[in-house]
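Coordinates from structure_37.txt are shown below (compact mmCIF, C-alpha atoms).
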```txt
# COMPACT_ATOMS: atom_id res chain seq x y z
CA MET A 1 -28.49 25.82 -34.56
CA GLU A 2 -31.57 27.77 -35.45
CA ARG A 3 -33.96 28.34 -32.62
CA SER A 4 -37.63 28.76 -33.20
CA SER A 5 -39.89 31.06 -31.27
CA ARG A 6 -42.67 28.50 -31.41
CA PRO A 7 -43.17 26.20 -28.41
CA GLU A 8 -40.98 23.12 -28.64
CA ALA A 9 -42.56 19.76 -29.32
CA GLY A 10 -43.17 18.03 -26.04
CA LEU A 11 -43.79 21.21 -24.12
CA ILE A 12 -47.01 21.86 -22.36
CA LYS A 13 -48.39 24.86 -20.61
CA THR A 14 -49.25 24.42 -16.99
CA ASN A 15 -51.31 26.51 -14.69
CA ARG A 16 -49.69 26.96 -11.32
CA ARG A 17 -52.22 27.74 -8.66
CA ALA A 18 -51.82 30.22 -5.89
CA PRO A 19 -52.90 29.14 -2.40
CA GLY A 20 -56.27 30.68 -3.14
CA GLY A 21 -56.70 28.27 -6.03
CA THR A 22 -56.43 30.65 -8.96
CA PRO A 23 -53.93 29.97 -11.71
CA THR A 24 -51.04 32.40 -11.40
CA ALA A 25 -48.76 31.72 -14.33
CA SER A 26 -48.23 29.37 -17.24
CA ARG A 27 -45.00 27.55 -17.66
CA PRO A 28 -44.07 24.93 -20.26
CA VAL A 29 -43.23 21.42 -19.08
CA ALA A 30 -41.18 18.93 -21.08
CA TYR A 31 -41.33 15.44 -19.63
CA GLY A 32 -38.68 14.21 -22.06
CA ARG A 33 -36.09 16.81 -21.07
CA GLY A 34 -32.94 15.20 -19.65
CA LEU A 35 -34.11 11.72 -20.57
CA ARG A 36 -31.01 10.93 -22.64
CA ALA A 37 -28.58 11.92 -19.89
CA LEU A 38 -30.61 9.98 -17.34
CA SER A 39 -30.67 6.88 -19.57
CA ILE A 40 -26.91 7.00 -20.13
CA SER A 41 -26.27 7.44 -16.38
CA THR A 42 -28.50 4.45 -15.67
CA VAL A 43 -26.71 2.20 -18.16
CA VAL A 44 -23.30 3.25 -16.79
CA ALA A 45 -24.39 2.77 -13.17
CA MET A 46 -25.93 -0.64 -13.92
CA ALA A 47 -22.80 -1.80 -15.74
CA LEU A 48 -20.61 -0.58 -12.88
CA ALA A 49 -22.83 -2.26 -10.30
CA LEU A 50 -22.75 -5.58 -12.18
CA GLY A 51 -18.95 -5.35 -12.51
CA LEU A 52 -18.58 -4.71 -8.79
CA VAL A 53 -21.02 -7.47 -7.86
CA PHE A 54 -19.32 -10.19 -9.85
CA PHE A 55 -15.67 -9.11 -9.92
CA TYR A 56 -15.04 -6.93 -6.86
CA ALA A 57 -17.30 -7.84 -3.93
CA PRO A 58 -15.88 -10.79 -1.98
CA LEU A 59 -17.83 -13.99 -1.46
CA GLU A 60 -19.78 -14.05 1.76
CA ALA A 61 -18.51 -16.67 4.26
CA GLU A 62 -21.84 -18.37 5.04
CA GLN A 63 -23.88 -18.07 1.86
CA GLY A 64 -21.09 -17.95 -0.68
CA PHE A 65 -22.07 -17.09 -4.25
CA LEU A 66 -25.79 -17.13 -3.43
CA GLN A 67 -25.34 -13.87 -1.52
CA LYS A 68 -24.87 -12.06 -4.90
CA ILE A 69 -28.68 -12.03 -5.14
CA PHE A 70 -28.61 -9.58 -2.22
CA TYR A 71 -27.25 -6.85 -4.56
CA VAL A 72 -30.31 -7.00 -6.78
CA HIS A 73 -33.03 -8.06 -4.33
CA VAL A 74 -32.45 -5.50 -1.55
CA PRO A 75 -32.06 -2.41 -3.82
CA LEU A 76 -35.23 -3.49 -5.66
CA ALA A 77 -37.10 -3.70 -2.33
CA ILE A 78 -35.77 -0.38 -1.02
CA VAL A 79 -36.53 1.49 -4.25
CA ALA A 80 -40.01 -0.07 -4.48
CA LEU A 81 -40.90 0.93 -0.90
CA CYS A 82 -39.44 4.43 -1.35
CA GLY A 83 -41.42 4.72 -4.59
CA PHE A 84 -44.65 3.90 -2.76
CA VAL A 85 -43.89 6.60 -0.19
CA LEU A 86 -42.98 9.01 -3.01
CA GLY A 87 -46.33 8.28 -4.63
CA GLY A 88 -48.01 9.34 -1.39
CA LEU A 89 -45.99 12.57 -1.19
CA LEU A 90 -46.85 13.43 -4.80
CA ALA A 91 -50.50 12.72 -4.02
CA ILE A 92 -50.35 15.22 -1.13
CA GLN A 93 -49.09 17.77 -3.62
CA HIS A 94 -51.99 16.90 -5.93
CA LEU A 95 -54.57 17.42 -3.20
CA ARG A 96 -52.94 20.71 -2.21
CA THR A 97 -52.77 22.18 -5.71
CA ARG A 98 -55.44 20.17 -7.62
CA ASP A 99 -52.93 20.13 -10.46
CA PRO A 100 -53.38 16.90 -12.50
CA ARG A 101 -49.63 16.76 -13.14
CA TRP A 102 -49.07 15.63 -9.56
CA ASP A 103 -51.72 12.94 -9.89
CA MET A 104 -49.99 11.67 -13.01
CA ARG A 105 -46.61 11.63 -11.23
CA SER A 106 -48.08 9.85 -8.22
CA TYR A 107 -49.73 7.29 -10.51
CA VAL A 108 -46.48 6.63 -12.39
CA ALA A 109 -44.44 6.37 -9.16
CA ILE A 110 -46.83 3.77 -7.75
CA HIS A 111 -47.14 1.93 -11.06
CA MET A 112 -43.36 1.62 -11.36
CA SER A 113 -42.97 0.64 -7.70
CA LEU A 114 -45.43 -2.20 -8.28
CA ILE A 115 -43.22 -3.53 -11.06
CA PHE A 116 -40.18 -3.26 -8.80
CA ALA A 117 -42.12 -5.00 -6.02
CA VAL A 118 -42.86 -7.92 -8.37
CA GLY A 119 -39.10 -8.12 -9.02
CA THR A 120 -38.44 -8.04 -5.27
CA LEU A 121 -40.86 -10.89 -4.58
CA ILE A 122 -39.49 -13.07 -7.39
CA THR A 123 -35.79 -12.51 -6.58
CA GLY A 124 -36.55 -12.97 -2.86
CA SER A 125 -38.25 -16.28 -3.55
CA ILE A 126 -35.30 -17.43 -5.62
CA TRP A 127 -32.93 -16.50 -2.80
CA ALA A 128 -35.18 -18.25 -0.22
CA LYS A 129 -35.19 -21.43 -2.30
CA GLY A 130 -31.39 -21.42 -2.56
CA SER A 131 -30.82 -20.49 1.08
CA TRP A 132 -33.70 -22.07 3.02
CA GLY A 133 -34.87 -24.69 0.55
CA HIS A 134 -38.37 -23.15 0.31
CA TRP A 135 -39.79 -20.67 -2.17
CA TRP A 136 -41.81 -18.95 0.53
CA VAL A 137 -41.90 -18.98 4.34
CA TRP A 138 -45.20 -17.82 5.81
CA ASN A 139 -44.01 -17.29 9.39
CA GLU A 140 -41.31 -14.77 8.39
CA PRO A 141 -42.57 -11.22 9.11
CA THR A 142 -40.42 -9.42 6.50
CA LEU A 143 -41.68 -11.55 3.63
CA VAL A 144 -45.33 -11.49 4.66
CA SER A 145 -45.32 -7.74 5.40
CA PHE A 146 -43.84 -6.98 1.98
CA LEU A 147 -46.49 -9.20 0.38
CA ILE A 148 -49.20 -7.27 2.29
CA VAL A 149 -47.81 -3.95 1.04
CA PHE A 150 -47.69 -5.34 -2.51
CA LEU A 151 -51.27 -6.62 -2.34
CA LEU A 152 -52.41 -3.30 -0.89
CA TYR A 153 -50.94 -1.40 -3.82
CA ALA A 154 -52.21 -4.01 -6.28
CA THR A 155 -55.68 -2.60 -5.54
CA TYR A 156 -54.64 0.91 -6.62
CA GLN A 157 -55.22 0.40 -10.34
CA PRO A 158 -58.60 -1.38 -9.94
CA LEU A 159 -59.67 1.44 -7.60
CA ARG A 160 -58.85 4.03 -10.25
CA PHE A 161 -60.52 2.01 -12.97
CA ALA A 162 -63.70 1.69 -10.89
CA ILE A 163 -64.22 5.47 -10.82
CA GLU A 164 -65.33 6.95 -14.11
CA ASP A 165 -65.22 10.67 -13.36
CA PRO A 166 -61.54 11.73 -13.88
CA GLU A 167 -61.55 14.37 -11.14
CA ARG A 168 -63.10 12.07 -8.56
CA GLN A 169 -60.77 9.29 -9.68
CA ALA A 170 -57.72 11.49 -9.13
CA ARG A 171 -58.95 12.69 -5.73
CA TYR A 172 -59.80 9.22 -4.38
CA ALA A 173 -56.57 7.77 -5.77
CA SER A 174 -54.59 10.51 -4.01
CA VAL A 175 -56.28 9.76 -0.71
CA PHE A 176 -55.48 6.07 -1.20
CA ALA A 177 -51.84 6.84 -2.12
CA ILE A 178 -51.38 9.00 1.00
CA THR A 179 -52.94 6.46 3.36
CA ALA A 180 -51.06 3.52 1.87
CA GLY A 181 -47.85 5.58 1.70
CA ALA A 182 -48.09 6.23 5.45
CA PHE A 183 -48.68 2.52 6.02
CA VAL A 184 -45.37 1.56 4.35
CA PRO A 185 -42.93 3.01 6.94
CA MET A 186 -45.23 1.98 9.80
CA ASN A 187 -45.20 -1.56 8.47
CA PHE A 188 -41.41 -1.45 8.10
CA ILE A 189 -40.92 -0.27 11.70
CA ALA A 190 -43.37 -2.86 13.06
CA VAL A 191 -41.46 -5.64 11.33
CA ARG A 192 -38.14 -4.34 12.66
CA LEU A 193 -39.53 -4.35 16.18
CA SER A 194 -40.76 -7.94 15.93
CA THR A 195 -38.56 -10.61 17.46
CA ALA A 196 -38.71 -13.38 14.88
CA TYR A 197 -35.67 -12.73 12.71
CA LEU A 198 -35.09 -15.30 10.05
CA HIS A 199 -34.67 -12.88 7.16
CA PRO A 200 -31.15 -11.34 7.27
CA ARG A 201 -30.92 -7.70 8.38
CA VAL A 202 -29.16 -5.44 5.91
CA LEU A 203 -29.46 -1.96 7.36
CA GLY A 204 -29.18 -0.94 10.99
CA SER A 205 -27.17 -1.98 14.00
CA THR A 206 -27.19 -5.70 13.19
CA SER A 207 -25.67 -5.28 9.73
CA ASN A 208 -21.92 -5.61 9.46
CA LEU A 209 -21.12 -5.36 5.77
CA PRO A 210 -17.39 -5.13 5.07
CA GLY A 211 -16.14 -2.18 2.97
CA PRO A 212 -16.15 -3.72 -0.52
CA MET A 213 -19.59 -5.27 0.02
CA ALA A 214 -21.00 -1.99 1.38
CA LEU A 215 -19.59 -0.08 -1.61
CA THR A 216 -21.03 -2.60 -4.06
CA PHE A 217 -24.37 -2.44 -2.31
CA LEU A 218 -24.43 1.36 -2.42
CA VAL A 219 -23.58 1.43 -6.14
CA SER A 220 -26.28 -1.17 -6.80
CA LEU A 221 -28.77 0.92 -4.84
CA VAL A 222 -27.90 4.06 -6.81
CA ALA A 223 -28.14 2.13 -10.09
CA MET A 224 -31.57 0.77 -9.14
CA ALA A 225 -32.77 4.23 -8.11
CA LEU A 226 -31.58 5.61 -11.45
CA LEU A 227 -33.37 2.80 -13.28
CA TYR A 228 -36.55 3.66 -11.40
CA ALA A 229 -36.21 7.37 -12.22
CA THR A 230 -35.49 6.64 -15.89
CA LEU A 231 -38.45 4.31 -16.31
CA CYS A 232 -40.74 6.80 -14.56
CA LYS A 233 -39.57 9.53 -16.92
CA TYR A 234 -40.11 7.27 -19.96
CA GLU A 235 -43.62 6.51 -18.75
CA LEU A 236 -44.45 10.18 -18.18
CA THR A 237 -43.05 11.18 -21.57
CA ALA A 238 -44.96 8.42 -23.36
CA LYS A 239 -48.23 9.33 -21.64
CA HIS A 240 -47.72 12.98 -22.43
CA ALA A 241 -46.93 12.25 -26.10
CA ARG A 242 -50.08 10.14 -26.34
CA ALA A 243 -52.16 12.93 -24.79
CA GLN A 244 -50.73 15.42 -27.25
CA VAL A 245 -51.51 13.16 -30.20
CA ARG A 246 -55.09 12.80 -28.95
CA ALA A 247 -55.36 16.56 -28.57
CA LEU A 248 -54.01 17.09 -32.09
CA ARG A 249 -56.51 14.57 -33.45
CA ARG A 250 -59.35 16.43 -31.74
CA ARG A 251 -58.16 19.72 -33.15
CA LEU A 252 -57.90 18.37 -36.68
CA ALA A 253 -61.31 16.75 -36.32
CA GLY A 254 -62.78 20.23 -35.84
CA GLU A 255 -63.80 22.63 -33.15
CA GLY A 256 -67.13 20.84 -32.75
CA ALA A 257 -65.51 17.55 -31.86
CA ASP A 258 -66.10 16.18 -28.39
CA THR A 259 -63.02 17.13 -26.42
CA THR A 260 -64.00 15.74 -23.06
CA SER A 261 -64.78 12.08 -23.76
CA ARG A 262 -62.01 9.53 -23.42
CA PRO A 263 -61.95 5.78 -23.08
CA ARG A 264 -62.34 4.60 -19.50
CA SER A 265 -58.90 4.10 -18.02
CA ALA A 266 -57.10 3.63 -14.72
CA ALA A 267 -54.45 6.09 -15.88
CA PRO A 268 -54.95 9.77 -15.02
CA ALA A 269 -56.47 11.97 -17.68
CA LEU A 270 -53.90 14.25 -19.26
CA GLN A 271 -56.70 16.35 -20.68
CA PRO A 272 -56.16 19.63 -22.53
CA THR A 273 -52.48 19.89 -21.93
CA THR A 274 -51.16 22.22 -24.56
CA ALA A 275 -51.89 25.77 -25.49
CA MET A 276 -53.35 24.28 -28.66
CA THR A 277 -55.77 22.00 -26.83
CA ALA A 278 -56.63 24.64 -24.29
CA HIS A 279 -57.74 26.78 -27.23
CA THR A 280 -59.74 23.89 -28.65
CA ALA A 281 -61.41 23.05 -25.40
CA GLY A 282 -61.99 26.64 -24.47
CA ARG A 283 -60.51 26.28 -20.98
CA PRO A 284 -57.14 26.75 -19.35
CA GLY A 285 -54.30 24.34 -20.11
CA PHE A 286 -52.96 21.55 -17.90
CA MET B 287 -4.91 -5.49 -22.45
CA ALA B 288 -8.54 -6.18 -21.65
CA GLY B 289 -7.91 -9.91 -22.06
CA VAL B 290 -5.11 -9.78 -19.51
CA ALA B 291 -7.31 -7.84 -17.10
CA LEU B 292 -10.12 -10.36 -17.51
CA GLY B 293 -7.66 -13.21 -16.97
CA GLU B 294 -6.68 -11.71 -13.63
CA LEU B 295 -10.29 -11.70 -12.41
CA PRO B 296 -11.39 -14.50 -10.08
CA ALA B 297 -13.43 -17.32 -11.61
CA LEU B 298 -17.10 -17.22 -10.70
CA PRO B 299 -18.24 -20.30 -8.72
CA LEU B 300 -21.22 -20.92 -10.96
CA HIS B 301 -21.39 -24.62 -10.13
CA THR B 302 -22.71 -24.04 -6.59
CA ALA B 303 -25.49 -21.46 -6.44
CA GLY B 304 -25.07 -20.26 -10.01
CA LYS B 305 -28.55 -21.18 -11.19
CA TYR B 306 -30.23 -19.20 -8.40
CA VAL B 307 -28.05 -16.12 -8.91
CA ALA B 308 -28.50 -16.32 -12.68
CA GLY B 309 -32.25 -16.70 -12.17
CA ALA B 310 -32.46 -13.58 -9.99
CA TYR B 311 -30.53 -11.42 -12.44
CA VAL B 312 -32.44 -12.83 -15.40
CA VAL B 313 -35.69 -11.80 -13.66
CA LEU B 314 -34.44 -8.22 -13.37
CA PHE B 315 -33.42 -8.03 -17.01
CA ALA B 316 -36.61 -9.78 -18.13
CA LEU B 317 -38.67 -7.15 -16.31
CA VAL B 318 -36.73 -4.34 -17.99
CA LEU B 319 -37.00 -6.05 -21.38
CA ILE B 320 -40.76 -6.58 -21.00
CA TYR B 321 -41.11 -2.92 -20.11
CA LEU B 322 -39.06 -1.92 -23.15
CA ALA B 323 -41.24 -4.13 -25.36
CA ILE B 324 -44.37 -2.43 -24.00
CA MET B 325 -42.79 0.97 -24.63
CA ALA B 326 -41.91 -0.09 -28.18
CA ILE B 327 -45.55 -1.07 -28.82
CA ARG B 328 -46.72 2.29 -27.46
CA LEU B 329 -44.18 4.14 -29.57
CA SER B 330 -45.30 2.35 -32.73
CA ARG B 331 -48.92 3.23 -31.89
CA ILE B 332 -48.00 6.90 -31.49
CA GLU B 333 -46.07 6.76 -34.76
CA ARG B 334 -49.10 5.26 -36.53
CA ASP B 335 -51.40 7.89 -35.04
CA LEU B 336 -49.04 10.65 -36.13
CA GLY B 337 -49.03 9.23 -39.66
CA GLU B 338 -52.84 9.31 -39.69
CA LEU B 339 -52.83 12.87 -38.38
CA LEU B 340 -50.35 13.91 -41.05
CA GLU B 341 -52.63 12.47 -43.73
CA LEU B 342 -55.60 14.22 -42.13
CA SER B 343 -53.79 17.56 -42.03
CA GLU B 344 -52.67 17.16 -45.65
CA SER B 345 -56.19 16.38 -46.82
CA SER B 346 -57.67 19.26 -44.80
CA GLY B 347 -54.99 21.55 -46.27
CA GLU B 348 -55.90 20.50 -49.79
CA GLU B 349 -59.62 21.22 -49.29
CA PRO B 350 -59.33 24.99 -48.70
CA ALA B 351 -56.83 25.26 -51.57
CA ALA B 352 -59.30 23.53 -53.88
CA ARG B 353 -62.08 25.82 -52.61
CA ARG B 354 -59.96 28.89 -53.34
CA GLN B 355 -59.32 27.70 -56.89
CA SER B 356 -62.87 26.57 -57.72
CA PRO B 357 -64.68 29.99 -58.25
CA SER B 358 -62.37 31.11 -61.07
CA GLU B 359 -61.35 27.69 -62.38
CA PRO B 360 -64.20 25.19 -62.15
CA GLU B 361 -62.17 22.49 -63.86
CA SER B 362 -59.04 21.31 -62.15
CA THR B 363 -55.83 22.31 -63.86
CA PRO B 364 -52.67 20.26 -63.95
CA ALA B 365 -50.21 21.32 -61.25
```
Take the structure in the file and give it back as structure tokens.
Amino acid sequence: MERSSRPEAGLIKTNRRAPGGTPTASRPVAYGRGLRALSISTVVAMALALGLVFFYAPLEAEQGFLQKIFYVHVPLAIVALCGFVLGGLLAIQHLRTRDPRWDMRSYVAIHMSLIFAVGTLITGSIWAKGSWGHWWVWNEPTLVSFLIVFLLYATYQPLRFAIEDPERQARYASVFAITAGAFVPMNFIAVRLSTAYLHPRVLGSTSNLPGPMALTFLVSLVAMALLYATLCKYELTAKHARAQVRALRRRLAGEGADTTSRPRSAAPALQPTTAMTAHTAGRPGF
Amino acid sequence: MAGVALGELPALPLHTAGKYVAGAYVVLFALVLIYLAIMAIRLSRIERDLGELLELSESSGEEPAARRQSPSEPESTPA
């Protein structure tokens, strides 16, 4: 296969900053790299998890077939909460380096976790209806605490949208992501320490999953984590492709075209990202 | 072979809590499908934008060529 010396499509130049804040080197980034392998792994893991859930894991003695919801609900919740914490960690990296890539990653991690949290709330309600006879129980700390975390993160996008200046938007959103990300484990520990246990415990000393159930749960958790990673990568690739198309449009429109204006958006600005757009904008690349 | 293997598998007790379990898994797949639909819309938008950009680049490529030809050949000649 012939290899070209030109930069590949989908590659961008990034400026890595030294601790002093000066860009040290440029290195291309391809958000779409490895996406096919990740997608295939996700499909295989999901198929395996479903097979194990319905044809391998034994029926639970008390809840019977209803317990199968556990294999989708709990991994969704764990991945969503971990994703929120990940968003906070990526935001720390953004504040340290001031590199917009980290803000974009933090935004996508939180955005995807919100979708997973919606799935958690819906599947949890379905399970509660089948098990307790109610869609929602307000005096159960696990349910209410998860709802609080969800509502907290539901304000993330409006917060971003409310700030017009992209740099200020990224900075404030990072501070929010770090604060809320620290709140998630604290909230989890507080709930574990509370005495009112109606919601079944899955992890910890009170859980006693037999071998086949534990294996099925672990495979389901891995599959859900892979799904999360794949969707995040799709989102990043799509946003990057869109930014490149915008940059190309600006370049074709002429050097005099306004390169800084963009429609107001909650999503981070992937401004001049390529060597091409850096040339057009007359400033270093992303 | 696969039929025999499937025949050996235990029957799922769908009559008891089947609707709740089905509902939970349908929610998961609905979320993924909605996301895929949104991605498909975005992809078609990018494709449309790229088509416009291609037209723009072709027209801007034709302009300089026409300018190069015009001093010596004022009238356009058949290609």
Determine, for each residue of chain B having at least one atom at most 6 Å from an atom of chain A, the closest pair of atoms and their separation in Å to one decimal, counting all atoms listed in the file; order by chain and ascending number, as a Markdown table.
```
| residue | atom | partner | partner_atom | distance |
| --- | --- | --- | --- | --- |
| B:Ala303 | CA | A:Leu66 | CA | 5.3 |
| B:Val307 | CA | A:Ile69 | CA | 5.6 |
| B:Ala310 | CA | A:Thr123 | CA | 4.9 |
```
Seminar exercise, completed: Here atom CA of A:Val79 and atom CA of A:Cys232 stand apart by 12.3 Å
Exercise. What gap, in Å, lies between atom CA of A:Val219 and atom CA of A:Met46?
Worked result: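 Taking atom CA of A:Val219 and atom CA of A:Met46, their separation equals 8.4 Å.
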Could you put an axis-aligned box around every listed atom of stretch 173-181 of chain A, padded by 6 Å on each side, and send me its centre and edge lengths in Å to one decimal, as lines of an AutoDock Vina configuration file?
```
center_x = -52.2
center_y = 7.0
center_z = -1.2
size_x = 20.7
size_y = 19.0
size_z = 21.1
```
Problem set entry | Straight-line distance linking atom CA of A:Leu236 with atom CA of B:Leu329, stated in Å to one decimal |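 The value is 12.9 Å.
Restricting the calculation to all atoms listed in the file, the smallest distance between B:Phe315 and any of A:Val85, A:Met224, A:Ile189, A:Ile163 is found for A:Met224.
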Exercise. Could you name the residues that touch A:Ser106 at 7 Å or less, counting only C-alpha atoms, but leaving out those on the same chain fewer than 4 positions away, as a ChimeraX atom specification?
Worked result: /A:87-88,90-91,102,110
Write out N, CA and C atoms for stretch 325-337 of chain B, as an mmCIF file, in the coordinates of the input.
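Output file selection_36.cif follows:
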```cif
data_model
loop_
_atom_site.group_PDB
_atom_site.id
_atom_site.type_symbol
_atom_site.label_atom_id
_atom_site.label_comp_id
_atom_site.auth_asym_id
_atom_site.auth_seq_id
_atom_site.Cartn_x
_atom_site.Cartn_y
_atom_site.Cartn_z
ATOM 1 N N MET B 325 -43.055 -0.398 -24.161
ATOM 2 C CA MET B 325 -42.790 0.970 -24.630
ATOM 3 C C MET B 325 -42.666 1.011 -26.149
ATOM 4 N N ALA B 326 -42.058 -0.039 -26.720
ATOM 5 C CA ALA B 326 -41.910 -0.090 -28.180
ATOM 6 C C ALA B 326 -43.277 -0.167 -28.849
ATOM 7 N N ILE B 327 -44.185 -0.958 -28.260
ATOM 8 C CA ILE B 327 -45.550 -1.070 -28.820
ATOM 9 C C ILE B 327 -46.246 0.294 -28.757
ATOM 10 N N ARG B 328 -46.100 0.964 -27.603
ATOM 11 C CA ARG B 328 -46.720 2.290 -27.460
ATOM 12 C C ARG B 328 -46.159 3.274 -28.466
ATOM 13 N N LEU B 329 -44.832 3.214 -28.641
ATOM 14 C CA LEU B 329 -44.180 4.140 -29.570
ATOM 15 C C LEU B 329 -44.676 3.909 -30.991
ATOM 16 N N SER B 330 -44.826 2.629 -31.368
ATOM 17 C CA SER B 330 -45.300 2.350 -32.730
ATOM 18 C C SER B 330 -46.740 2.828 -32.896
ATOM 19 N N ARG B 331 -47.534 2.741 -31.815
ATOM 20 C CA ARG B 331 -48.920 3.230 -31.890
ATOM 21 C C ARG B 331 -48.929 4.760 -32.080
ATOM 22 N N ILE B 332 -48.070 5.436 -31.356
ATOM 23 C CA ILE B 332 -48.000 6.900 -31.490
ATOM 24 C C ILE B 332 -47.534 7.270 -32.899
ATOM 25 N N GLU B 333 -46.574 6.501 -33.406
ATOM 26 C CA GLU B 333 -46.070 6.760 -34.760
ATOM 27 C C GLU B 333 -47.187 6.591 -35.790
ATOM 28 N N ARG B 334 -47.988 5.509 -35.613
ATOM 29 C CA ARG B 334 -49.100 5.260 -36.530
ATOM 30 C C ARG B 334 -50.134 6.383 -36.452
ATOM 31 N N ASP B 335 -50.434 6.795 -35.238
ATOM 32 C CA ASP B 335 -51.400 7.890 -35.040
ATOM 33 C C ASP B 335 -50.897 9.184 -35.682
ATOM 34 N N LEU B 336 -49.604 9.440 -35.527
ATOM 35 C CA LEU B 336 -49.040 10.650 -36.130
ATOM 36 C C LEU B 336 -49.112 10.599 -37.649
ATOM 37 N N GLY B 337 -48.902 9.398 -38.199
ATOM 38 C CA GLY B 337 -49.030 9.230 -39.660
ATOM 39 C C GLY B 337 -50.440 9.549 -40.118
#
```
